[in-house]
Every structure is written in C-alpha cells, then in structure tokens.
>>> print(open('data.cif').read())   # mmCIF, C-alpha atoms
data_entry
loop_
_atom_site.label_atom_id
_atom_site.label_comp_id
_atom_site.auth_asym_id
_atom_site.auth_seq_id
_atom_site.Cartn_x
_atom_site.Cartn_y
_atom_site.Cartn_z
CA MET A 392 16.47 -28.58 11.73
CA PRO A 393 14.60 -25.27 11.87
CA ASP A 394 10.84 -25.57 12.30
CA GLU A 395 8.16 -24.17 10.00
CA THR A 396 7.57 -20.97 12.00
CA ASP A 397 11.29 -20.23 11.88
CA LEU A 398 11.39 -20.70 8.10
CA LEU A 399 8.28 -18.58 7.53
CA LEU A 400 9.61 -15.83 9.78
CA ARG A 401 12.92 -15.70 7.91
CA ARG A 402 11.00 -15.54 4.63
CA ILE A 403 8.79 -12.68 5.87
CA LEU A 404 11.84 -10.73 7.08
CA THR A 405 13.47 -11.33 3.69
CA ASP A 406 10.42 -9.79 1.99
CA VAL A 407 10.10 -6.84 4.38
CA LEU A 408 13.79 -6.00 4.52
CA GLY A 409 14.40 -6.76 0.83
CA LEU A 410 17.19 -9.23 1.71
CA LYS A 411 18.91 -11.42 -0.85
CA PRO A 412 17.87 -15.09 -0.80
CA GLY A 413 19.75 -16.88 1.95
CA GLN A 414 20.77 -13.70 3.79
CA ALA A 415 18.19 -14.30 6.53
CA ASP A 416 19.68 -17.75 7.15
CA ALA A 417 22.47 -15.97 9.03
CA PHE A 418 20.02 -14.52 11.58
CA ASP A 419 20.44 -16.05 15.04
CA ALA A 420 18.53 -15.52 18.28
CA ASP A 421 20.62 -12.43 19.12
CA THR A 422 20.37 -10.70 15.73
CA GLY A 423 19.04 -7.19 16.44
CA LEU A 424 15.81 -6.04 14.74
CA PHE A 425 13.75 -2.99 15.83
CA GLY A 426 16.15 -0.31 17.05
CA HIS A 427 19.10 -1.99 15.29
CA LEU A 428 18.04 -1.86 11.65
CA PRO A 429 17.45 1.73 10.49
CA GLU A 430 14.91 0.68 7.85
CA LEU A 431 12.72 -1.02 10.45
CA ASP A 432 10.75 2.04 11.59
CA SER A 433 7.25 1.99 13.10
CA MET A 434 5.50 1.82 9.69
CA ALA A 435 7.73 -1.07 8.61
CA VAL A 436 7.16 -2.90 11.89
CA ALA A 437 3.41 -2.41 11.48
CA GLY A 438 3.70 -3.96 8.01
CA LEU A 439 5.82 -6.79 9.36
CA LEU A 440 3.26 -7.62 12.05
CA THR A 441 0.38 -7.54 9.55
CA GLU A 442 2.30 -9.91 7.30
CA LEU A 443 3.00 -12.19 10.28
CA GLU A 444 -0.73 -12.30 10.97
CA ASP A 445 -1.56 -13.18 7.36
CA ARG A 446 1.10 -15.78 6.76
CA LEU A 447 1.20 -17.43 10.19
CA ASP A 448 -2.58 -17.22 10.52
CA ILE A 449 -2.43 -15.53 13.93
CA MET A 450 -3.96 -12.36 15.43
CA ILE A 451 -1.65 -9.96 17.23
CA GLU A 452 -3.24 -7.57 19.73
CA ASP A 453 -1.65 -4.14 19.95
CA ASP A 454 -0.98 -4.53 23.68
CA GLU A 455 1.00 -7.70 23.01
CA ILE A 456 3.57 -5.76 21.04
CA ASP A 457 6.49 -4.78 23.23
CA GLY A 458 10.10 -3.81 22.77
CA GLU A 459 11.40 -7.16 23.93
CA MET A 460 9.60 -9.20 21.29
CA LEU A 461 10.78 -6.92 18.50
CA GLU A 462 14.33 -6.35 19.69
CA THR A 463 15.91 -9.56 18.45
CA TYR A 464 15.18 -12.32 15.99
CA GLY A 465 15.01 -14.78 18.90
CA GLY A 466 12.41 -12.62 20.67
CA LEU A 467 10.19 -12.37 17.60
CA LEU A 468 10.50 -16.09 16.88
CA ALA A 469 9.57 -16.99 20.47
CA PHE A 470 6.52 -14.71 20.21
CA ALA A 471 5.43 -16.17 16.87
CA GLU A 472 5.87 -19.74 18.12
CA ALA A 473 3.90 -19.06 21.30
CA LYS A 474 1.12 -17.47 19.21
CA ARG A 475 0.93 -20.40 16.83
CA GLY A 476 0.95 -22.90 19.67
CA SER A 477 -1.82 -21.13 21.59
CA MET B 1420 7.09 10.07 -19.97
CA THR B 1421 5.89 13.62 -19.51
CA PRO B 1422 4.49 15.52 -16.54
CA SER B 1423 1.00 16.74 -17.18
CA SER B 1424 -2.02 18.11 -15.36
CA TRP B 1425 -5.76 17.66 -15.42
CA PRO B 1426 -8.74 19.61 -14.06
CA CYS B 1427 -9.80 17.97 -10.82
CA PRO B 1428 -13.32 18.83 -9.57
CA LEU B 1429 -13.48 20.67 -6.24
CA PRO B 1430 -16.20 19.60 -3.76
CA GLY B 1431 -17.67 23.12 -3.70
CA GLY B 1432 -17.73 23.43 -7.50
CA GLY B 1433 -15.05 24.53 -9.94
CA THR B 1434 -11.80 22.72 -10.60
CA CYS B 1435 -8.13 22.87 -9.72
CA GLU B 1436 -5.23 21.49 -11.73
CA GLU B 1437 -3.69 18.30 -10.38
CA PHE B 1438 -0.49 16.59 -11.49
CA ALA B 1439 -0.25 13.42 -13.56
CA LEU B 1440 2.52 11.46 -15.26
CA GLN B 1441 1.64 10.36 -18.74
CA PHE B 1442 2.83 8.32 -21.68
CA ASP B 1443 0.60 9.76 -24.37
CA ALA B 1444 1.26 9.13 -28.04
CA GLY B 1445 -2.39 9.43 -29.01
CA ARG B 1446 -2.78 5.66 -29.26
CA SER B 1447 -6.13 3.90 -29.09
CA VAL B 1448 -5.51 1.81 -25.97
CA ARG B 1449 -5.46 4.26 -23.06
CA LEU B 1450 -5.09 3.12 -19.45
CA LEU B 1451 -5.71 5.19 -16.34
CA VAL B 1452 -3.51 4.02 -13.44
CA VAL B 1453 -4.88 4.69 -9.95
CA PRO B 1454 -1.90 4.70 -7.57
CA ALA B 1455 -1.49 2.86 -4.26
CA LEU B 1456 -2.41 4.92 -1.20
CA PHE B 1457 -0.43 6.74 1.48
CA ASP B 1458 2.83 5.06 2.50
CA GLU B 1459 2.31 2.23 0.00
CA GLY B 1460 1.96 4.87 -2.70
CA ASN B 1461 5.56 5.93 -2.07
CA ARG B 1462 6.86 2.39 -1.98
CA MET B 1463 4.99 1.39 -5.15
CA ARG B 1464 5.58 4.52 -7.22
CA ARG B 1465 8.74 3.45 -9.01
CA PHE B 1466 7.25 0.04 -9.75
CA THR B 1467 4.10 1.72 -11.09
CA VAL B 1468 6.08 3.97 -13.43
CA GLU B 1469 8.24 1.04 -14.55
CA VAL B 1470 5.06 -0.84 -15.52
CA MET B 1471 3.91 2.25 -17.46
CA ARG B 1472 7.25 2.39 -19.33
CA ARG B 1473 6.76 -1.21 -20.42
CA LEU B 1474 3.17 -0.54 -21.48
CA ASP B 1475 4.45 2.39 -23.55
CA ALA B 1476 6.89 0.03 -25.28
CA ALA B 1477 3.95 -2.31 -25.93
CA GLY B 1478 1.99 0.49 -27.65
CA ILE B 1479 -0.30 1.43 -24.75
CA ASP B 1480 -0.81 4.97 -23.46
CA SER B 1481 -1.08 5.35 -19.70
CA PHE B 1482 -1.84 8.10 -17.19
CA LEU B 1483 -0.99 8.29 -13.49
CA PRO B 1484 -2.91 11.09 -11.75
CA ASP B 1485 -2.37 12.28 -8.17
CA PHE B 1486 -5.17 11.99 -5.66
CA PRO B 1487 -6.08 15.49 -4.45
CA GLY B 1488 -4.19 16.01 -1.20
CA CYS B 1489 -1.43 13.53 -2.10
CA ASN B 1490 1.94 13.62 -3.86
CA GLU B 1491 2.27 16.97 -5.72
CA SER B 1492 -1.27 18.14 -4.92
CA LEU B 1493 -1.69 21.50 -3.19
CA GLN B 1494 -5.08 20.52 -1.77
CA ALA B 1495 -5.33 19.77 1.96
CA LEU B 1496 -5.47 16.02 2.58
CA GLU B 1497 -7.61 16.46 5.71
CA ALA B 1498 -10.28 18.21 3.59
CA GLN B 1499 -10.70 15.18 1.28
CA ASP B 1500 -13.24 12.41 1.53
CA PRO B 1501 -13.50 9.18 -0.50
CA THR B 1502 -16.28 10.57 -2.70
CA ASP B 1503 -13.94 13.40 -3.74
CA TRP B 1504 -11.30 10.85 -4.67
CA LEU B 1505 -13.75 8.77 -6.72
CA ASP B 1506 -14.92 11.94 -8.48
CA ALA B 1507 -11.30 12.91 -9.07
CA MET B 1508 -10.39 9.60 -10.70
CA THR B 1509 -13.57 9.67 -12.80
CA ALA B 1510 -12.67 13.17 -13.99
CA ALA B 1511 -9.08 12.10 -14.74
CA ALA B 1512 -10.34 9.13 -16.78
CA ARG B 1513 -12.58 11.46 -18.78
CA HIS B 1514 -9.86 14.07 -19.29
CA PHE B 1515 -7.31 11.53 -20.53
CA ASN B 1516 -9.96 9.67 -22.52
CA ALA B 1517 -9.03 6.39 -20.83
CA GLY B 1518 -10.81 3.24 -21.94
CA HIS B 1519 -9.51 1.01 -19.13
CA VAL B 1520 -8.26 1.46 -15.60
CA LEU B 1521 -5.64 -0.26 -13.46
CA GLY B 1522 -5.81 0.02 -9.67
CA ILE B 1523 -2.69 -0.67 -7.62
CA ARG B 1524 -3.34 -1.99 -4.06
CA GLY B 1525 -5.53 0.63 -2.28
CA GLY B 1526 -5.97 2.42 -5.62
CA CYS B 1527 -8.36 -0.43 -6.51
CA LEU B 1528 -10.88 1.19 -4.13
CA PHE B 1529 -11.03 4.22 -6.41
CA THR B 1530 -11.20 2.84 -9.96
CA PRO B 1531 -14.10 4.53 -11.81
CA GLN B 1532 -17.02 2.13 -12.16
CA ARG B 1533 -17.83 2.88 -15.78
CA LEU B 1534 -14.44 1.56 -17.02
CA PRO B 1535 -13.31 -2.05 -17.36
CA ALA B 1536 -10.84 -2.45 -14.50
CA PHE B 1537 -7.76 -4.45 -13.57
CA HIS B 1538 -7.00 -4.67 -9.87
CA TYR B 1539 -3.42 -5.47 -8.93
CA ALA B 1540 -3.19 -6.99 -5.41
CA PRO B 1541 -6.32 -5.19 -4.14
CA VAL B 1542 -6.54 -4.45 -0.42
CA LYS B 1543 -9.46 -3.52 1.82
CA ALA B 1544 -9.53 -0.03 3.29
CA ALA B 1545 -9.85 -1.57 6.76
CA SER B 1546 -6.53 -3.40 6.29
CA ILE B 1547 -4.78 -0.18 5.26
CA LEU B 1548 -6.17 1.67 8.28
CA ARG B 1549 -5.36 -1.20 10.64
CA GLN B 1550 -1.71 -1.03 9.64
CA MET B 1551 -1.55 2.77 9.84
CA VAL B 1552 -3.17 2.74 13.29
CA ARG B 1553 -0.70 0.10 14.42
CA ALA B 1554 2.22 2.21 13.16
CA ARG B 1555 0.88 5.16 15.17
CA ILE B 1556 0.52 3.05 18.34
CA LEU B 1557 4.10 1.78 17.93
CA ALA B 1558 5.51 5.26 17.29
CA SER B 1559 3.61 6.69 20.26
CA ARG B 1560 4.78 3.89 22.52
CA GLU B 1561 8.36 4.60 21.52
CA ALA B 1562 7.77 8.23 22.47
CA GLY B 1563 6.42 7.12 25.86
CA ARG B 1564 2.69 7.60 25.10
CA GLU B 1565 0.25 4.73 25.43
CA GLU B 1566 -2.60 4.77 22.92
CA ASN B 1567 -5.05 2.07 21.98
CA ARG B 1568 -7.03 1.24 18.88
CA GLU B 1569 -10.50 1.98 20.34
CA GLN B 1570 -9.46 5.37 21.67
CA LEU B 1571 -7.81 6.30 18.34
CA ALA B 1572 -10.92 5.23 16.40
CA GLN B 1573 -13.03 7.52 18.59
CA ILE B 1574 -10.68 10.44 17.99
CA ALA B 1575 -10.64 9.69 14.25
CA LEU B 1576 -14.45 9.64 14.00
CA ALA B 1577 -14.87 12.80 16.05
CA ASP B 1578 -12.04 15.04 14.84
CA GLY B 1579 -10.04 13.18 12.22
CA ILE B 1580 -6.59 11.78 12.91
CA ALA B 1581 -2.97 11.85 11.74
CA LEU B 1582 -1.81 8.31 10.96
CA ALA B 1583 1.74 7.59 9.80
CA GLY B 1584 2.09 11.25 8.84
CA TYR B 1585 -1.18 11.45 6.89
CA SER B 1586 -3.91 13.75 8.22
CA LEU B 1587 -7.25 12.12 7.57
CA GLY B 1588 -10.48 14.01 8.21
CA ALA B 1589 -13.32 12.46 10.25
CA ASP B 1590 -15.50 12.12 7.13
CA PHE B 1591 -12.67 10.44 5.25
CA TYR B 1592 -12.05 7.95 8.06
CA ARG B 1593 -15.74 7.09 8.46
CA GLN B 1594 -16.46 6.60 4.75
CA PHE B 1595 -13.13 4.96 3.89
CA GLU B 1596 -13.07 2.31 6.61
CA PRO B 1597 -15.79 -0.01 5.17
CA MET B 1598 -14.63 0.34 1.54
CA THR B 1599 -13.79 -2.76 -0.52
CA ALA B 1600 -12.87 -3.00 -4.18
CA ASP B 1601 -15.54 -3.77 -6.82
CA ASP B 1602 -16.06 -7.45 -7.53
CA ASP B 1603 -16.29 -7.14 -11.28
CA ALA B 1604 -12.68 -6.12 -11.91
CA VAL B 1605 -10.10 -8.52 -13.31
CA ILE B 1606 -7.91 -9.31 -10.32
CA VAL B 1607 -4.17 -9.72 -10.85
CA ALA B 1608 -2.89 -11.44 -7.71
CA GLN B 1609 0.72 -11.11 -6.58
CA ASP B 1610 1.51 -14.79 -7.23
CA ARG B 1611 1.13 -14.16 -10.97
CA LEU B 1612 4.08 -11.74 -10.81
CA GLY B 1613 6.46 -14.04 -8.93
CA GLY B 1614 8.15 -13.05 -5.68
CA SER B 1615 6.67 -10.99 -2.88
CA GLY B 1616 4.86 -7.67 -3.26
CA LEU B 1617 7.04 -4.56 -3.19
CA TRP B 1618 4.56 -2.84 -0.83
CA LEU B 1619 5.94 -5.12 1.91
CA ARG B 1620 9.39 -3.57 1.70
CA ALA B 1621 10.50 -1.37 4.58
CA GLU B 1622 12.28 0.82 1.99
CA PRO B 1623 11.09 1.51 -1.57
CA ASP B 1624 12.52 -1.14 -3.87
CA GLU B 1625 12.16 -2.19 -7.48
CA ASN B 1626 11.91 -5.44 -9.36
CA ALA B 1627 12.23 -5.51 -13.14
CA ALA B 1628 10.90 -9.06 -13.45
CA GLN B 1629 7.69 -8.16 -11.58
CA ALA B 1630 7.20 -5.01 -13.67
CA ASP B 1631 7.72 -7.12 -16.83
CA ALA B 1632 5.17 -9.65 -15.61
CA LEU B 1633 2.42 -7.14 -14.75
CA ALA B 1634 2.93 -5.20 -17.99
CA ALA B 1635 2.79 -8.44 -20.02
CA ILE B 1636 -0.47 -9.50 -18.31
CA LEU B 1637 -2.03 -6.10 -19.00
CA ALA B 1638 -0.75 -5.82 -22.57
CA SER B 1639 -2.07 -9.25 -23.42
CA ALA B 1640 -5.48 -8.56 -21.88
CA LEU B 1641 -5.75 -5.15 -23.54
CA ALA B 1642 -4.80 -6.55 -26.95
CA SER B 1643 -7.62 -9.09 -26.92
#
>>> encode(input="data.cif", output="structure tokens")
Amino acid sequence: MPDETDLLLRRILTDVLGLKPGQADAFDADTGLFGHLPELDSMAVAGLLTELEDRLDIMIEDDEIDGEMLETYGGLLAFAEAKRGS
Amino acid sequence: MTPSSWPCPLPGGGTCEEFALQFDAGRSVRLLVVPALFDEGNRMRRFTVEVMRRLDAAGIDSFLPDFPGCNESLQALEAQDPTDWLDAMTAAARHFNAGHVLGIRGGCLFTPQRLPAFHYAPVKAASILRQMVRARILASREAGREENREQLAQIALADGIALAGYSLGADFYRQFEPMTADDDAVIVAQDRLGGSGLWLRAEPDENAAQADALAAILASALAS
C-alpha cells in the first residue's frame, strides 16, 4: 500500500511530465528521472521542486538539491519523505 | 486570427511597433489578453490562443500583445523595467479599444488598472523569480559551478542577471521582485478548469477541455 507522499509525488510527476493517468504507477525506485528523461531539464526540475514545496507543504533549500536525489524516483521519494517527516 | 501590431511607447519618448495576435471583427466586447511571462509564456501560448479561438466563436474580440523585449519584439529585454511593461499593456488596451483584460499567470501583474480584469491562476513575481533562480543554480551545478541564491540576488541587483535564458536588468529585478497582482480582479483559479495547470508541464502541452472551460467562464462573465 503506497503512502500519501508516494501518491502525491506520482501525481506531481504526472502533471509535470504530462503523463497519461496511471502511467506513473509503473515508476519504481530505480526509474530514472533527471538525466534520463530529456524533457526534465533544469527549468523543468525547478518547476517540479516548486510544485513539491507547494503540494507537500515543505521548503527545499537550494543546497539540499543534489544529483542523487533527482536521479531516480526512489531517490526523490526518499528525499520527500524525509522532508515531510522532519 | 490575424497578426497585427500596435504602437508601444518607448521609455525615452516616441513609439515602436510591437506584435500582437488578434481576433477582431469589430465587435463590442473586446478583451486584451496579457500573456504569461518568460518560460511560462512559451508553455502557455498555445493554450492562450486556443482560449482566444473559443472566445471568437462566442462573439468576443481578443488581442494578445507581446511585451517589449519578449516573443517577436526587437527591443532589448535587459533594457525593460516593469513600469515599461505596464505602460505597454495600457497602450495596447487603448490601441485595441479593449473594455476588459485577462491576465494569464504572471501576466496578471501587468493588467492595466483602469480595466475590469480577470486573473487566471495569478502568481507572485517572487515565485516566478524563485523558480528561475533555482533553474540557474541547477544548470550551473550541472556545469560544475556552485552558485547560491544570495550571491545571485546581489549580482542581479547590481548588474542585472540572466535567468533561464532571460536577461533581466537590475532595475527590472528590483522593481519586479515585490510585485503582486491587484486584489480587485476576478480570479479564475485552476480548479475551475479541471486538471492541473499547463504551466507545470516540462514541455508545452495543450488541453482542449481546459481551454473550453476558461473560455466559457469568460464568455459568461462578459455577457452579463
């Protein structure tokens, strides 16, 4: 049973990447994001992070953003969960 | 839909012609559309024009001018400041004889005050800048350069700054940053259109149902 952060994150990625409903359900921890999806450039990632802040009610400092957290779905989910738990 | 132009005031006096798209059949209800800004302007452009097509079908004339320094404009973006943009939209409204204005996202910051306004999904200037600064930090980091927000703000206020490919002058940055949309506009929030805002998309996208919904809200309000 996926938790709320997981569901919200899949929904945000659906909106940012323009995915069809349900397509993000196939994402697993190893699904590649930044550097793997050509449409996810720096402007799109900046938009994604701003949307994460709004919808997950978190603040993301610029120095917290690193390649590891953005590289895979699992990395981004772990970051979002840690932020919401803190 | 026809391409058109309008005389945009220059800060030092005089005018220069700027581009606009228009649906003009000389009808009585005439709507100026102030486009979304910068990167969002590109992502929202097709949606904006699709809304204008539907307004045309509903018997409403509409006009979509360029901001000086953006889109087809030959003016230098780094020479603009927000007062120039407000003056430009006021002049466009006068030229096209618009009786109402619609702002899209950041365009809501530049809807002329004398006209009754609709604001679709308005956004604060600070939010736009925050995202553009973040994009620059990410791009620089990828290129092996570390930059931080405070240092970039200092550069922006002293010399102006290029953010996400847009060269903003120091005056622009300073005056733009605190801007928020007027309170007295009719706000059309995204949830009234169904689905998520197209400005979120990494690539420009379209959505006929959302364009239908916004045009219907506007047409109904303008008919009353």
>>> atom_distance(input="data.cif", atom1="atom CA of Ser1639 of chain B", atom2="atom CA of Ala1477 of chain B")
9.5 Å
>>> interface_residues(input="data.cif", of="chain B", to="chain A", cutoff="8 Å", atoms="all atoms listed in the file", output="count of residues only")
18
>>> atom_distance(input="data.cif", atom1="atom CA of Gln1573 of chain B", atom2="atom CA of Lys1543 of chain B")
20.4 Å
>>> residues_around(input="data.cif", residues="Glu459 of chain A", least_positions_apart="6", cutoff="10 Å", atoms="all atoms listed in the file", output="ChimeraX atom specification")
/A:425,465-467,470
>>> residues_around(input="data.cif", residues="Ala469 of chain A", least_positions_apart="6", cutoff="10 Å", atoms="only C-alpha atoms", output="count of residues only")
6
>>> atom_distance(input="data.cif", atom1="atom CA of Leu1474 of chain B", atom2="atom CA of Asp1603 of chain B")
22.9 Å
>>> resolve_selection(input="data.cif", expression="the PyMOL selection byres ((chain B and resi 1455) around 10)", output="VMD selection string")
chain B and resid 1452 to 1454 1456 to 1464 1467 1486 1522 to 1529 1539 1541 to 1542 1618
>>> resolve_selection(input="data.cif", expression="the PyMOL selection byres ((chain B and resi 1613) around 12)", output="PyMOL selection string")
chain B and resi 1607-1612+1614-1617+1626-1633
>>> residues_around(input="data.cif", residues="Ala1581 of chain B", least_positions_apart="3", cutoff="12 Å", atoms="all atoms listed in the file", output="PDB file with C-alpha atoms, in the coordinates of the input")
ATOM      1  CA  PHE B1457      -0.430   6.740   1.480  1.00  0.00           C
ATOM      2  CA  LEU B1496      -5.470  16.020   2.580  1.00  0.00           C
ATOM      3  CA  GLU B1497      -7.610  16.460   5.710  1.00  0.00           C
ATOM      4  CA  LEU B1548      -6.170   1.670   8.280  1.00  0.00           C
ATOM      5  CA  MET B1551      -1.550   2.770   9.840  1.00  0.00           C
ATOM      6  CA  VAL B1552      -3.170   2.740  13.290  1.00  0.00           C
ATOM      7  CA  ALA B1554       2.220   2.210  13.160  1.00  0.00           C
ATOM      8  CA  ARG B1555       0.880   5.160  15.170  1.00  0.00           C
ATOM      9  CA  ILE B1556       0.520   3.050  18.340  1.00  0.00           C
ATOM     10  CA  SER B1559       3.610   6.690  20.260  1.00  0.00           C
ATOM     11  CA  LEU B1571      -7.810   6.300  18.340  1.00  0.00           C
ATOM     12  CA  ALA B1572     -10.920   5.230  16.400  1.00  0.00           C
ATOM     13  CA  ILE B1574     -10.680  10.440  17.990  1.00  0.00           C
ATOM     14  CA  ALA B1575     -10.640   9.690  14.250  1.00  0.00           C
ATOM     15  CA  LEU B1576     -14.450   9.640  14.000  1.00  0.00           C
ATOM     16  CA  ASP B1578     -12.040  15.040  14.840  1.00  0.00           C
ATOM     17  CA  GLY B1584       2.090  11.250   8.840  1.00  0.00           C
ATOM     18  CA  TYR B1585      -1.180  11.450   6.890  1.00  0.00           C
ATOM     19  CA  SER B1586      -3.910  13.750   8.220  1.00  0.00           C
ATOM     20  CA  LEU B1587      -7.250  12.120   7.570  1.00  0.00           C
ATOM     21  CA  GLY B1588     -10.480  14.010   8.210  1.00  0.00           C
ATOM     22  CA  ALA B1589     -13.320  12.460  10.250  1.00  0.00           C
ATOM     23  CA  PHE B1591     -12.670  10.440   5.250  1.00  0.00           C
ATOM     24  CA  TYR B1592     -12.050   7.950   8.060  1.00  0.00           C
TER      25      TYR B1592
END
>>> resolve_selection(input="data.cif", expression="the PyMOL selection byres ((chain A and resi 395) around 12)", output="PyMOL selection string")
chain A and resi 392-394+396-402+446-447+468+471-472+475
>>> residues_around(input="data.cif", residues="Tyr464 of chain A", least_positions_apart="4", cutoff="7 Å", atoms="all atoms listed in the file", output="list of chain:residue names")
A:Phe418, A:Asp419, A:Ala420, A:Asp421, A:Thr422, A:Gly423, A:Leu424, A:Leu468
>>> residues_around(input="data.cif", residues="Thr1421 of chain B", least_positions_apart="4", cutoff="10 Å", atoms="only C-alpha atoms", output="ChimeraX atom specification")
/B:1439-1443,1482
>>> closest_residue(input="data.cif", among="B:Arg1472, B:Arg1593, B:Arg1549, B:Arg1465", to="Pro1501 of chain B", atoms="only C-alpha atoms")
B:Arg1593
